[in-house]
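**Student:** Got a structure for you, query_7.cif, holding mmCIF, C-alpha atoms.
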```cif
data_final
#
loop_
_atom_site.label_atom_id
_atom_site.label_comp_id
_atom_site.auth_asym_id
_atom_site.auth_seq_id
_atom_site.Cartn_x
_atom_site.Cartn_y
_atom_site.Cartn_z
CA MET C 1 34.23 5.04 38.37
CA ILE C 2 34.04 4.92 34.57
CA ARG C 3 31.25 3.28 32.59
CA VAL C 4 32.29 2.23 29.10
CA ILE C 5 29.63 1.64 26.44
CA ASN C 6 30.49 0.30 23.01
CA ALA C 7 28.10 2.19 20.72
CA ALA C 8 29.92 1.23 17.52
CA LEU C 9 28.00 -0.33 14.64
CA GLY C 10 30.58 -2.83 13.50
CA ASP C 11 33.63 -3.06 15.79
CA GLU C 12 34.57 -4.79 18.99
CA LEU C 13 37.00 -2.51 20.78
CA PHE C 14 40.01 -2.62 23.05
CA PHE C 15 40.13 0.24 25.58
CA SER C 16 42.87 1.36 27.96
CA ILE C 17 44.21 4.41 29.79
CA ALA C 18 47.91 5.26 29.74
CA LYS C 19 49.84 4.43 32.95
CA HIS C 20 46.73 3.15 34.74
CA THR C 21 45.24 -0.20 35.60
CA LEU C 22 41.49 -0.77 35.57
CA THR C 23 39.33 -2.81 37.92
CA VAL C 24 36.28 -4.43 36.29
CA VAL C 25 33.27 -4.53 38.65
CA GLU C 26 30.24 -4.79 36.33
CA VAL C 27 29.26 -5.88 32.83
CA ASP C 28 25.87 -5.34 31.18
CA ALA C 29 24.49 -3.87 34.45
CA VAL C 30 25.38 -6.98 36.50
CA TYR C 31 28.05 -7.01 39.23
CA THR C 32 31.11 -9.19 38.65
CA LYS C 33 33.90 -10.50 40.81
CA PRO C 34 36.35 -7.55 40.71
CA PHE C 35 39.57 -8.09 38.80
CA THR C 36 42.35 -5.79 37.65
CA THR C 37 43.44 -5.49 34.04
CA THR C 38 45.54 -3.22 31.85
CA ALA C 39 42.83 -3.01 29.16
CA ILE C 40 39.36 -4.30 28.33
CA MET C 41 37.67 -5.80 25.28
CA ILE C 42 34.07 -4.74 24.71
CA ALA C 43 31.63 -5.69 21.94
CA PRO C 44 28.94 -3.48 20.39
CA GLY C 45 26.01 -3.20 22.79
CA GLN C 46 28.02 -4.27 25.82
CA THR C 47 28.79 -2.12 28.87
CA THR C 48 31.61 -2.37 31.40
CA THR C 49 32.03 -0.42 34.63
CA LEU C 50 35.60 0.24 35.79
CA LEU C 51 37.20 1.55 38.95
CA LEU C 52 40.26 3.73 38.41
CA THR C 53 42.65 5.18 40.96
CA ALA C 54 44.25 8.53 40.07
CA ASP C 55 47.65 7.64 41.52
CA GLN C 56 50.17 8.90 38.93
CA LEU C 57 51.29 12.13 40.64
CA PRO C 58 54.04 13.25 41.00
CA SER C 59 55.42 10.76 38.44
CA ASP C 60 53.73 12.73 35.65
CA PRO C 61 53.52 16.49 36.39
CA THR C 62 51.20 17.15 33.43
CA ALA C 63 48.62 14.84 35.03
CA THR C 64 47.17 14.20 31.58
CA PHE C 65 46.81 10.68 30.20
CA VAL C 66 45.54 9.33 26.91
CA MET C 67 42.43 7.15 26.89
CA ALA C 68 42.35 5.12 23.67
CA ALA C 69 40.14 2.59 21.89
CA THR C 70 41.11 0.54 18.86
CA PRO C 71 39.23 -2.19 16.96
CA TYR C 72 39.66 -5.84 17.84
CA VAL C 73 39.86 -7.29 14.35
CA THR C 74 39.03 -10.91 13.48
CA SER C 75 37.70 -10.43 9.94
CA ILE C 76 39.24 -10.20 6.49
CA PHE C 77 36.66 -7.59 5.48
CA PRO C 78 37.74 -3.93 5.21
CA PHE C 79 37.41 -1.95 8.44
CA ASP C 80 38.26 1.41 9.96
CA ASN C 81 41.60 0.79 11.66
CA SER C 82 41.83 4.20 13.32
CA THR C 83 42.48 4.61 17.04
CA THR C 84 40.17 7.02 18.84
CA MET C 85 41.50 9.04 21.77
CA GLY C 86 40.39 11.15 24.68
CA TYR C 87 42.14 12.53 27.75
CA LEU C 88 42.04 11.80 31.43
CA LYS C 89 43.30 14.93 33.23
CA TYR C 90 43.76 15.24 36.96
CA ASN C 91 42.59 18.44 38.62
CA THR C 92 45.98 20.19 38.47
CA THR C 93 47.53 23.17 36.71
CA GLY C 94 49.80 21.10 34.48
CA THR C 95 49.59 21.43 30.70
CA ILE C 96 49.48 18.73 28.05
CA SER C 97 52.90 17.96 26.65
CA LYS C 98 53.85 15.07 24.40
CA VAL C 99 50.91 12.71 23.85
CA LYS C 100 51.58 8.98 23.81
CA LEU C 101 49.19 6.13 23.19
CA PRO C 102 48.75 3.78 26.14
CA GLU C 103 51.57 1.25 26.15
CA ASN C 104 49.08 -1.34 27.41
CA LEU C 105 46.64 -1.02 24.48
CA PRO C 106 46.47 -4.48 22.81
CA LYS C 107 47.26 -4.95 19.14
CA MET C 108 44.23 -5.07 16.86
CA GLU C 109 44.57 -8.81 16.21
CA ASP C 110 45.32 -9.83 19.82
CA THR C 111 42.90 -12.77 20.15
CA LYS C 112 44.86 -14.13 23.12
CA PHE C 113 44.21 -10.98 25.18
CA ALA C 114 40.54 -10.85 24.12
CA THR C 115 39.98 -14.49 25.10
CA THR C 116 41.84 -14.23 28.40
CA PHE C 117 39.99 -11.05 29.37
CA THR C 118 36.57 -12.51 28.53
CA ASN C 119 37.27 -15.70 30.48
CA ARG C 120 38.13 -13.70 33.61
CA ILE C 121 34.61 -12.26 33.88
CA LYS C 122 32.62 -14.10 36.57
CA SER C 123 29.34 -13.39 38.34
CA LEU C 124 29.59 -12.10 41.90
CA ALA C 125 27.55 -15.14 43.03
CA SER C 126 27.10 -13.88 46.59
CA SER C 127 24.15 -14.20 48.96
CA GLN C 128 23.16 -10.62 48.12
CA TYR C 129 23.75 -11.01 44.39
CA PRO C 130 23.16 -14.70 43.63
CA CYS C 131 23.93 -16.43 40.36
CA ASN C 132 20.71 -18.15 39.30
CA VAL C 133 22.10 -20.06 36.35
CA PRO C 134 19.89 -23.03 35.38
CA LYS C 135 21.74 -26.17 36.48
CA THR C 136 19.57 -28.36 34.26
CA ILE C 137 17.81 -27.57 30.99
CA ASP C 138 14.56 -28.52 29.30
CA ARG C 139 15.79 -27.84 25.80
CA ARG C 140 18.96 -27.24 23.82
CA VAL C 141 19.11 -25.34 20.53
CA ILE C 142 22.29 -25.41 18.46
CA THR C 143 22.46 -22.77 15.75
CA THR C 144 25.18 -21.93 13.28
CA ILE C 145 26.11 -18.32 12.62
CA SER C 146 27.13 -17.76 9.03
CA LEU C 147 27.85 -15.15 6.43
CA ASN C 148 26.39 -16.02 3.03
CA LEU C 149 26.21 -14.98 -0.60
CA GLN C 150 23.06 -14.64 -2.67
CA ASP C 151 22.74 -14.19 -6.41
CA CYS C 152 22.37 -10.52 -7.24
CA PRO C 153 18.83 -9.53 -8.36
CA GLN C 154 18.47 -8.51 -11.97
CA ASN C 155 19.17 -4.86 -12.78
CA LYS C 156 21.03 -4.35 -9.49
CA THR C 157 24.70 -3.93 -8.67
CA CYS C 158 25.92 -5.97 -5.70
CA THR C 159 29.21 -5.52 -3.85
CA GLY C 160 29.77 -9.06 -2.57
CA TYR C 161 32.26 -11.56 -3.91
CA ASP C 162 31.79 -12.49 -7.58
CA GLY C 163 29.21 -9.73 -7.94
CA LYS C 164 26.86 -11.40 -5.47
CA MET C 165 24.97 -9.95 -2.50
CA PHE C 166 26.17 -10.35 1.09
CA MET C 167 23.68 -12.09 3.39
CA ALA C 168 23.85 -13.79 6.79
CA SER C 169 21.94 -16.54 8.57
CA MET C 170 21.30 -18.61 11.68
CA ASN C 171 20.90 -22.32 10.93
CA ASN C 172 20.80 -21.40 7.25
CA GLN C 173 17.80 -19.08 7.71
CA SER C 174 18.26 -15.43 6.76
CA PHE C 175 15.69 -13.50 8.74
CA LEU C 176 13.04 -11.49 6.90
CA ARG C 177 10.79 -9.09 8.78
CA PRO C 178 7.17 -10.03 8.02
CA SER C 179 4.56 -7.49 6.92
CA THR C 180 2.64 -8.10 10.17
CA SER C 181 4.75 -7.98 13.31
CA ILE C 182 5.42 -11.31 15.00
CA LEU C 183 4.43 -9.73 18.32
CA GLU C 184 0.99 -8.84 16.97
CA THR C 185 0.56 -12.26 15.40
CA HIS C 186 1.53 -13.94 18.66
CA TYR C 187 -0.85 -11.78 20.71
CA ARG C 188 -3.79 -12.20 18.33
CA THR C 189 -3.49 -15.88 17.48
CA GLY C 190 -0.71 -17.36 19.60
CA LEU C 191 2.36 -19.18 18.35
CA GLY C 192 2.56 -22.82 19.37
CA THR C 193 5.84 -24.50 20.22
CA GLY C 194 5.51 -26.70 17.15
CA SER C 195 4.59 -23.93 14.73
CA SER C 196 7.82 -21.97 14.72
CA GLY C 197 9.70 -23.99 12.16
CA PHE C 198 13.09 -22.74 13.39
CA PRO C 199 15.49 -25.68 13.13
CA GLU C 200 16.91 -26.59 16.53
CA ARG C 201 19.98 -28.18 14.97
CA PRO C 202 21.98 -27.29 11.84
CA LEU C 203 20.15 -28.67 8.81
CA ASN C 204 23.34 -30.03 7.30
CA LYS C 205 26.26 -30.93 9.53
CA PHE C 206 29.73 -30.08 8.26
CA ASP C 207 33.10 -29.03 9.62
CA TYR C 208 31.88 -25.59 10.69
CA THR C 209 35.24 -24.08 11.56
CA GLY C 210 37.84 -26.25 9.84
CA GLY C 211 36.54 -26.93 6.35
CA ASN C 212 37.62 -25.30 3.11
CA ALA C 213 35.33 -22.29 2.85
CA SER C 214 35.97 -21.92 -0.87
CA THR C 215 34.24 -25.24 -1.58
CA MET C 216 31.21 -24.69 0.66
CA ASN C 217 27.70 -23.83 -0.46
CA THR C 218 27.05 -20.30 0.80
CA ASN C 219 23.37 -20.15 -0.17
CA MET C 220 20.67 -19.95 2.48
CA GLU C 221 16.89 -19.73 2.86
CA PHE C 222 14.82 -16.68 3.69
CA GLY C 223 12.17 -16.78 6.39
CA SER C 224 10.70 -15.47 9.63
CA ARG C 225 10.85 -18.67 11.66
CA VAL C 226 11.38 -18.21 15.38
CA ILE C 227 12.12 -20.21 18.54
CA VAL C 228 8.96 -20.69 20.65
CA VAL C 229 9.10 -21.92 24.26
CA PRO C 230 6.56 -22.27 27.11
CA TYR C 231 6.85 -19.86 30.02
CA GLY C 232 9.48 -20.99 32.52
CA THR C 233 11.46 -23.12 30.07
CA LYS C 234 15.13 -23.48 30.93
CA ILE C 235 16.77 -23.34 27.53
CA GLU C 236 20.36 -23.58 26.38
CA ILE C 237 21.35 -21.98 23.08
CA VAL C 238 24.68 -22.94 21.55
CA LEU C 239 25.90 -20.33 19.07
CA GLN C 240 28.29 -22.01 16.64
CA GLY C 241 30.49 -19.83 14.47
CA THR C 242 31.42 -20.94 10.96
CA ASN C 243 34.12 -20.03 8.47
CA LEU C 244 31.72 -19.47 5.58
CA LEU C 245 33.11 -16.49 3.64
CA ALA C 246 35.14 -15.32 6.64
CA PRO C 247 35.32 -16.39 10.30
CA GLU C 248 35.02 -13.58 12.83
CA ASN C 249 33.69 -12.73 16.26
CA HIS C 250 29.94 -12.17 16.40
CA PRO C 251 28.39 -10.25 19.34
CA ILE C 252 24.94 -11.83 19.75
CA HIS C 253 22.30 -9.87 21.69
CA ILE C 254 18.96 -11.12 23.03
CA HIS C 255 16.20 -8.67 23.89
CA GLY C 256 14.02 -9.16 26.95
CA HIS C 257 16.28 -11.49 28.92
CA ASN C 258 19.64 -11.68 30.57
CA PHE C 259 21.45 -14.98 30.15
CA TYR C 260 24.43 -16.84 31.58
CA VAL C 261 27.46 -17.59 29.43
CA VAL C 262 28.20 -21.12 30.68
CA GLY C 263 30.87 -22.02 28.14
CA THR C 264 32.92 -20.88 25.16
CA GLY C 265 35.52 -22.57 23.02
CA PHE C 266 37.28 -22.76 19.69
CA GLY C 267 36.46 -25.26 16.97
CA ASN C 268 33.22 -27.21 16.64
CA PHE C 269 30.93 -27.65 19.66
CA ASP C 270 30.88 -31.26 20.88
CA GLU C 271 27.52 -32.01 22.49
CA SER C 272 28.83 -34.97 24.47
CA ARG C 273 32.16 -33.47 25.59
CA ASP C 274 31.91 -29.70 25.95
CA PRO C 275 29.01 -29.42 28.45
CA LYS C 276 31.16 -31.29 30.97
CA GLY C 277 33.37 -28.20 31.16
CA TYR C 278 30.56 -25.67 31.68
CA ASN C 279 30.80 -23.15 34.50
CA LEU C 280 27.58 -23.60 36.47
CA VAL C 281 28.91 -21.90 39.63
CA ASP C 282 29.65 -18.27 38.71
CA PRO C 283 29.23 -17.76 34.93
CA PRO C 284 28.89 -14.16 33.76
CA GLU C 285 25.36 -12.83 33.39
CA ARG C 286 25.03 -10.74 30.23
CA ASN C 287 22.69 -9.60 27.48
CA THR C 288 25.30 -9.70 24.69
CA VAL C 289 27.83 -12.48 24.16
CA GLY C 290 30.82 -12.50 21.84
CA VAL C 291 30.93 -15.74 19.87
CA PRO C 292 34.67 -16.22 19.28
CA MET C 293 36.09 -16.38 15.79
CA GLY C 294 36.20 -20.03 14.74
CA GLY C 295 34.42 -21.12 17.90
CA TRP C 296 31.21 -21.29 19.90
CA ALA C 297 29.43 -19.91 22.95
CA ALA C 298 26.78 -21.61 25.10
CA ILE C 299 24.22 -19.55 27.01
CA ARG C 300 21.42 -20.54 29.38
CA ILE C 301 18.18 -18.63 29.85
CA GLU C 302 15.13 -19.06 32.04
CA ALA C 303 12.28 -17.92 29.80
CA ASP C 304 10.35 -15.83 32.33
CA ASN C 305 9.44 -12.75 30.28
CA PRO C 306 6.45 -13.42 27.99
CA GLY C 307 6.52 -11.84 24.57
CA VAL C 308 8.45 -11.79 21.32
CA TRP C 309 12.13 -10.93 21.57
CA PHE C 310 14.67 -10.15 18.86
CA VAL C 311 17.87 -12.21 18.72
CA HIS C 312 20.52 -10.66 16.50
CA CYS C 313 24.17 -9.93 15.81
CA HIS C 314 25.20 -6.52 17.13
CA PHE C 315 27.26 -5.86 14.02
CA GLU C 316 24.70 -3.72 12.24
CA PRO C 317 25.56 -4.90 8.70
CA HIS C 318 25.13 -8.53 9.77
CA THR C 319 21.68 -7.84 11.21
CA SER C 320 20.64 -6.07 8.02
CA TRP C 321 21.87 -9.11 6.08
CA GLY C 322 19.63 -11.43 8.13
CA LEU C 323 21.75 -12.68 11.04
CA ALA C 324 18.79 -12.74 13.41
CA THR C 325 15.78 -14.68 14.60
CA GLY C 326 13.03 -14.33 17.22
CA PHE C 327 12.64 -15.80 20.70
CA VAL C 328 8.97 -16.19 21.70
CA VAL C 329 8.01 -16.90 25.32
CA GLN C 330 4.41 -18.06 25.74
CA ASP C 331 2.16 -16.82 28.53
CA GLY C 332 2.40 -18.37 31.98
CA PRO C 333 -0.59 -19.33 34.18
CA LEU C 334 -0.60 -16.20 36.37
CA PRO C 335 -1.79 -12.71 35.30
CA SER C 336 1.71 -11.32 35.95
CA GLN C 337 3.11 -13.92 33.55
CA ARG C 338 0.99 -12.95 30.56
CA LEU C 339 1.62 -10.62 27.66
CA LEU C 340 -0.05 -7.24 28.18
CA PRO C 341 -2.54 -6.06 25.53
CA PRO C 342 -1.56 -3.19 23.24
CA PRO C 343 -2.72 0.32 24.28
CA LYS C 344 -6.18 1.21 23.02
CA ASP C 345 -4.79 4.24 21.19
CA LEU C 346 -1.99 2.30 19.47
CA PRO C 347 -1.87 3.63 15.90
CA ALA C 348 -2.03 1.16 13.05
CA CYS C 349 1.06 0.64 10.91
#
```
Write the structure described by the file as structure tokens, please.

**Tutor:**
Amino acid sequence: MIRVINAALGDELFFSIAKHTLTVVEVDAVYTKPFTTTAIMIAPGQTTTLLLTADQLPSDPTATFVMAATPYVTSIFPFDNSTTMGYLKYNTTGTISKVKLPENLPKMEDTKFATTFTNRIKSLASSQYPCNVPKTIDRRVITTISLNLQDCPQNKTCTGYDGKMFMASMNNQSFLRPSTSILETHYRTGLGTGSSGFPERPLNKFDYTGGNASTMNTNMEFGSRVIVVPYGTKIEIVLQGTNLLAPENHPIHIHGHNFYVVGTGFGNFDESRDPKGYNLVDPPERNTVGVPMGGWAAIRIEADNPGVWFVHCHFEPHTSWGLATGFVVQDGPLPSQRLLPPPKDLPAC
């Protein structure tokens, strides 16, 4: 058994082992229906557990095989295109001879493989490990995911296009961390469902994935607005990619909750058409979802963990540019459903 963790800051990765097939049995600490593959695609923050059978003797007397990972590239931005390698060696006396990269390692731009692999992941959905995806929802939030440009502050040098500063946003809001933590504010005063201010639909509708990016307004607003829901809310969040500046995959991670990926697609999400194709039987349960380049992903969550939870892109530069928001779950009626107080010896900031 091999557990693969993508700890990279800015790359989704393909991974394979020469002359071996891999059986996927778990993602993000949740069992899946087992399936066999020649390689995997894994986003930053995601985990995948694989079963491997050491069955290549005597066909290879060295009993040494290259394990390799290479970036899955969907962006026009510069990136490290190196391939990292390790070795799988059987417990034999053979020595390493000529090293070859796995013949089954996908090309860096192989979107077809990445999409097919991701769509094969299904929850186990058994009596022992049920799939508790919400069949109905109380609320739907649709948020765009965008890269943006901001005018460079005076007396600074910025490295973005036209001398501007790279930023990022969700529904045109670039997240700023407030001077007082949102968790403390929520605990002390409470955040009402109407006080968040986070727009639950894009402020200005446009052709998110098919328009001419060079003619689009790439400005955005700064703020700390968050999504606030009552305890027990069944919420759907549609993450809509855009082609502002450059379309690319975005691995979106939510703290404090697992969620079900009920649908993905390319192009613009259609609220009347696309939900009809959702998988509400055995969708994968995850904590990080890859929003496909030029497409969308729909996730469903039962908000049963009170508190303030960070929602962000797992590409570290994008988070630092503001591709984030907060997800606030209010207290429930029972003591076990309420936010715990801070420790008495908690030091002040």

**Student:** Have a look at C:Thr74, C:Asn81, C:Thr136, C:Asn249 and name the one nearest to C:Tyr278; count only C-alpha atoms.

**Tutor:** C:Thr136

**Student:** Give me, as a Markdown table, the closest atom pair and its distance (Å, one decimal) for every residue of stretch 8-112 of chain C within a cut-off of 10 Å of stretch 306-315 of chain C, counting all atoms listed in the file, rows sorted by chain and rising number.

**Tutor:**
```
| residue | atom | partner | partner_atom | distance |
| --- | --- | --- | --- | --- |
| C:Ala8 | CA | C:Phe315 | CA | 8.3 |
| C:Leu9 | CA | C:Phe315 | CA | 5.6 |
| C:Gly10 | CA | C:Phe315 | CA | 4.5 |
| C:Asp11 | CA | C:Phe315 | CA | 7.2 |
| C:Glu12 | CA | C:Phe315 | CA | 8.9 |
| C:Ala43 | CA | C:His314 | CA | 8.1 |
| C:Pro44 | CA | C:His314 | CA | 5.8 |
| C:Gly45 | CA | C:His314 | CA | 6.6 |
| C:Gln46 | CA | C:His314 | CA | 9.4 |
```

**Student:** Running the PyMOL selection byres ((chain C and resi 101-117) around 7) on this model by hand, what would come out? Give it as a list in words.

**Tutor:**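 The output of the PyMOL selection byres ((chain C and resi 101-117) around 7) on this file is Phe14, Phe15, Ser16, Ile17, Ala18, Lys19, Thr38, Ala39, Ile40, Met41, Val66, Ala68, Thr70, Pro71, Tyr72, Val73, Thr74, Val99, Lys100, Thr118, Asn119 and Arg120 of chain C.
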
**Student:** Please produce a file of those selected residues containing C-alpha atoms, as a PDB file, in the coordinates of the input.

**Tutor:**
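Final output, selection.pdb:
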```
ATOM      1  CA  PHE C  14      40.010  -2.620  23.050  1.00  0.00           C
ATOM      2  CA  PHE C  15      40.130   0.240  25.580  1.00  0.00           C
ATOM      3  CA  SER C  16      42.870   1.360  27.960  1.00  0.00           C
ATOM      4  CA  ILE C  17      44.210   4.410  29.790  1.00  0.00           C
ATOM      5  CA  ALA C  18      47.910   5.260  29.740  1.00  0.00           C
ATOM      6  CA  LYS C  19      49.840   4.430  32.950  1.00  0.00           C
ATOM      7  CA  THR C  38      45.540  -3.220  31.850  1.00  0.00           C
ATOM      8  CA  ALA C  39      42.830  -3.010  29.160  1.00  0.00           C
ATOM      9  CA  ILE C  40      39.360  -4.300  28.330  1.00  0.00           C
ATOM     10  CA  MET C  41      37.670  -5.800  25.280  1.00  0.00           C
ATOM     11  CA  VAL C  66      45.540   9.330  26.910  1.00  0.00           C
ATOM     12  CA  ALA C  68      42.350   5.120  23.670  1.00  0.00           C
ATOM     13  CA  THR C  70      41.110   0.540  18.860  1.00  0.00           C
ATOM     14  CA  PRO C  71      39.230  -2.190  16.960  1.00  0.00           C
ATOM     15  CA  TYR C  72      39.660  -5.840  17.840  1.00  0.00           C
ATOM     16  CA  VAL C  73      39.860  -7.290  14.350  1.00  0.00           C
ATOM     17  CA  THR C  74      39.030 -10.910  13.480  1.00  0.00           C
ATOM     18  CA  VAL C  99      50.910  12.710  23.850  1.00  0.00           C
ATOM     19  CA  LYS C 100      51.580   8.980  23.810  1.00  0.00           C
ATOM     20  CA  THR C 118      36.570 -12.510  28.530  1.00  0.00           C
ATOM     21  CA  ASN C 119      37.270 -15.700  30.480  1.00  0.00           C
ATOM     22  CA  ARG C 120      38.130 -13.700  33.610  1.00  0.00           C
TER      23      ARG C 120
END
```

**Student:** Counting all atoms listed in the file, what is within 12 Å of stretch 195-204 of chain C, bar same-chain residues fewer than 4 positions away, as a PyMOL selection string?

**Tutor:** chain C and resi 139-146+169-175+182+186+189-191+208+216-217+220-229+235-242+269+271+324-329

**Student:** Take the residues from that selection and write them out as a short mmCIF file (atom, residue, chain, number, x, y, z; two decimals), in the coordinates of the input, keeping C-alpha atoms.

**Tutor:**
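In the end it all went to out16.cif:
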```
data_model
loop_
_atom_site.label_atom_id
_atom_site.label_comp_id
_atom_site.auth_asym_id
_atom_site.auth_seq_id
_atom_site.Cartn_x
_atom_site.Cartn_y
_atom_site.Cartn_z
CA ARG C 139 15.79 -27.84 25.80
CA ARG C 140 18.96 -27.24 23.82
CA VAL C 141 19.11 -25.34 20.53
CA ILE C 142 22.29 -25.41 18.46
CA THR C 143 22.46 -22.77 15.75
CA THR C 144 25.18 -21.93 13.28
CA ILE C 145 26.11 -18.32 12.62
CA SER C 146 27.13 -17.76 9.03
CA SER C 169 21.94 -16.54 8.57
CA MET C 170 21.30 -18.61 11.68
CA ASN C 171 20.90 -22.32 10.93
CA ASN C 172 20.80 -21.40 7.25
CA GLN C 173 17.80 -19.08 7.71
CA SER C 174 18.26 -15.43 6.76
CA PHE C 175 15.69 -13.50 8.74
CA ILE C 182 5.42 -11.31 15.00
CA HIS C 186 1.53 -13.94 18.66
CA THR C 189 -3.49 -15.88 17.48
CA GLY C 190 -0.71 -17.36 19.60
CA LEU C 191 2.36 -19.18 18.35
CA TYR C 208 31.88 -25.59 10.69
CA MET C 216 31.21 -24.69 0.66
CA ASN C 217 27.70 -23.83 -0.46
CA MET C 220 20.67 -19.95 2.48
CA GLU C 221 16.89 -19.73 2.86
CA PHE C 222 14.82 -16.68 3.69
CA GLY C 223 12.17 -16.78 6.39
CA SER C 224 10.70 -15.47 9.63
CA ARG C 225 10.85 -18.67 11.66
CA VAL C 226 11.38 -18.21 15.38
CA ILE C 227 12.12 -20.21 18.54
CA VAL C 228 8.96 -20.69 20.65
CA VAL C 229 9.10 -21.92 24.26
CA ILE C 235 16.77 -23.34 27.53
CA GLU C 236 20.36 -23.58 26.38
CA ILE C 237 21.35 -21.98 23.08
CA VAL C 238 24.68 -22.94 21.55
CA LEU C 239 25.90 -20.33 19.07
CA GLN C 240 28.29 -22.01 16.64
CA GLY C 241 30.49 -19.83 14.47
CA THR C 242 31.42 -20.94 10.96
CA PHE C 269 30.93 -27.65 19.66
CA GLU C 271 27.52 -32.01 22.49
CA ALA C 324 18.79 -12.74 13.41
CA THR C 325 15.78 -14.68 14.60
CA GLY C 326 13.03 -14.33 17.22
CA PHE C 327 12.64 -15.80 20.70
CA VAL C 328 8.97 -16.19 21.70
CA VAL C 329 8.01 -16.90 25.32
#
```

**Student:** Could you please determine the separation between atom CA of C:Ile5 and atom CA of C:Cys131 in Å, to one decimal place?

**Tutor:**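 If I compute the distance from atom CA of C:Ile5 to atom CA of C:Cys131, I get 23.5 Å.
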
**Student:** Could you list, as a list in words, every residue matched by the PyMOL selection byres ((chain C and resi 30) around 10) in this structure?

**Tutor:**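 Those residues are Val25, Glu26, Val27, Asp28, Ala29, Tyr31, Thr32, Thr47, Thr48, Thr49, Ser123, Leu124, Tyr129, Asn258, Pro284, Glu285, Arg286 and Asn287 of chain C.
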
**Student:** Write a file of the just-selected residues containing C-alpha atoms, as a PDB file, in the frame of the given file.

**Tutor:**
```pdb
ATOM      1  CA  VAL C  25      33.270  -4.530  38.650  1.00  0.00           C
ATOM      2  CA  GLU C  26      30.240  -4.790  36.330  1.00  0.00           C
ATOM      3  CA  VAL C  27      29.260  -5.880  32.830  1.00  0.00           C
ATOM      4  CA  ASP C  28      25.870  -5.340  31.180  1.00  0.00           C
ATOM      5  CA  ALA C  29      24.490  -3.870  34.450  1.00  0.00           C
ATOM      6  CA  TYR C  31      28.050  -7.010  39.230  1.00  0.00           C
ATOM      7  CA  THR C  32      31.110  -9.190  38.650  1.00  0.00           C
ATOM      8  CA  THR C  47      28.790  -2.120  28.870  1.00  0.00           C
ATOM      9  CA  THR C  48      31.610  -2.370  31.400  1.00  0.00           C
ATOM     10  CA  THR C  49      32.030  -0.420  34.630  1.00  0.00           C
ATOM     11  CA  SER C 123      29.340 -13.390  38.340  1.00  0.00           C
ATOM     12  CA  LEU C 124      29.590 -12.100  41.900  1.00  0.00           C
ATOM     13  CA  TYR C 129      23.750 -11.010  44.390  1.00  0.00           C
ATOM     14  CA  ASN C 258      19.640 -11.680  30.570  1.00  0.00           C
ATOM     15  CA  PRO C 284      28.890 -14.160  33.760  1.00  0.00           C
ATOM     16  CA  GLU C 285      25.360 -12.830  33.390  1.00  0.00           C
ATOM     17  CA  ARG C 286      25.030 -10.740  30.230  1.00  0.00           C
ATOM     18  CA  ASN C 287      22.690  -9.600  27.480  1.00  0.00           C
TER      19      ASN C 287
END
```

**Student:** In Å, how far is it from atom CA of C:Asp331 to atom CA of C:Thr233?

**Tutor:**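 Distance between the two atoms: 11.3 Å.
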
**Student:** Go through C:Pro178, C:Gly295, C:Cys158, C:Leu280 and flag the residue nearest C:Thr209, using only C-alpha atoms for the distances.

**Tutor:**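 The closest residue to C:Thr209 is C:Gly295.
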
**Student:** May I ask for the distance between atom CA of C:Asp151 and atom CA of C:Gly294, given in Å to one decimal place?

**Tutor:**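 Between these atoms lies a distance of 25.7 Å.
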
**Student:** Around (18.1, -9.6, -1.8) in the file's own coordinates, what residues are found within 7 Å if you use only C-alpha atoms, given back as a compact mmCIF listing (two decimals) with C-alpha atoms, keeping the file's coordinate frame?

**Tutor:**
```
# COMPACT_ATOMS: atom_id res chain seq x y z
CA CYS C 152 22.37 -10.52 -7.24
CA PRO C 153 18.83 -9.53 -8.36
CA MET C 165 24.97 -9.95 -2.50
```

**Student:** Let me know the residues the PyMOL selection byres ((chain C and resi 303) around 7) catches in the file above, as a PDB file with C-alpha atoms, in the frame of the given file.

**Tutor:**
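Okay, this is what ended up in selection28.pdb:
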```
ATOM      1  CA  TYR C 231       6.850 -19.860  30.020  1.00  0.00           C
ATOM      2  CA  GLY C 232       9.480 -20.990  32.520  1.00  0.00           C
ATOM      3  CA  THR C 233      11.460 -23.120  30.070  1.00  0.00           C
ATOM      4  CA  LYS C 234      15.130 -23.480  30.930  1.00  0.00           C
ATOM      5  CA  ILE C 301      18.180 -18.630  29.850  1.00  0.00           C
ATOM      6  CA  GLU C 302      15.130 -19.060  32.040  1.00  0.00           C
ATOM      7  CA  ASP C 304      10.350 -15.830  32.330  1.00  0.00           C
ATOM      8  CA  ASN C 305       9.440 -12.750  30.280  1.00  0.00           C
ATOM      9  CA  VAL C 329       8.010 -16.900  25.320  1.00  0.00           C
TER      10      VAL C 329
END
```

**Student:** Using all atoms listed in the file for the distances, tell me which of C:Leu22, C:Gly322, C:Gln330, C:Ala348 is nearest to C:Thr53.

**Tutor:** C:Leu22

**Student:** Which centre and which edge lengths, in Å to one decimal, describe the axis-aligned box that holds all listed atoms of stretch 18-25 of chain C after 3 Å is added on each side, as lines of an AutoDock Vina configuration file?

**Tutor:**
```
center_x = 41.6
center_y = 0.4
center_z = 34.2
size_x = 22.6
size_y = 15.8
size_z = 14.9
```

**Student:** Tell me which residues come within 12 Å of (-3.6, -3.8, 22.7), as a compact mmCIF listing (two decimals) with C-alpha atoms, in the frame of the given file, counting only C-alpha atoms in the file's coordinates.

**Tutor:**
```txt
# COMPACT_ATOMS: atom_id res chain seq x y z
CA LEU C 183 4.43 -9.73 18.32
CA GLU C 184 0.99 -8.84 16.97
CA THR C 185 0.56 -12.26 15.40
CA TYR C 187 -0.85 -11.78 20.71
CA ARG C 188 -3.79 -12.20 18.33
CA LEU C 339 1.62 -10.62 27.66
CA LEU C 340 -0.05 -7.24 28.18
CA PRO C 341 -2.54 -6.06 25.53
CA PRO C 342 -1.56 -3.19 23.24
CA PRO C 343 -2.72 0.32 24.28
CA LYS C 344 -6.18 1.21 23.02
CA ASP C 345 -4.79 4.24 21.19
CA LEU C 346 -1.99 2.30 19.47
CA PRO C 347 -1.87 3.63 15.90
CA ALA C 348 -2.03 1.16 13.05
```
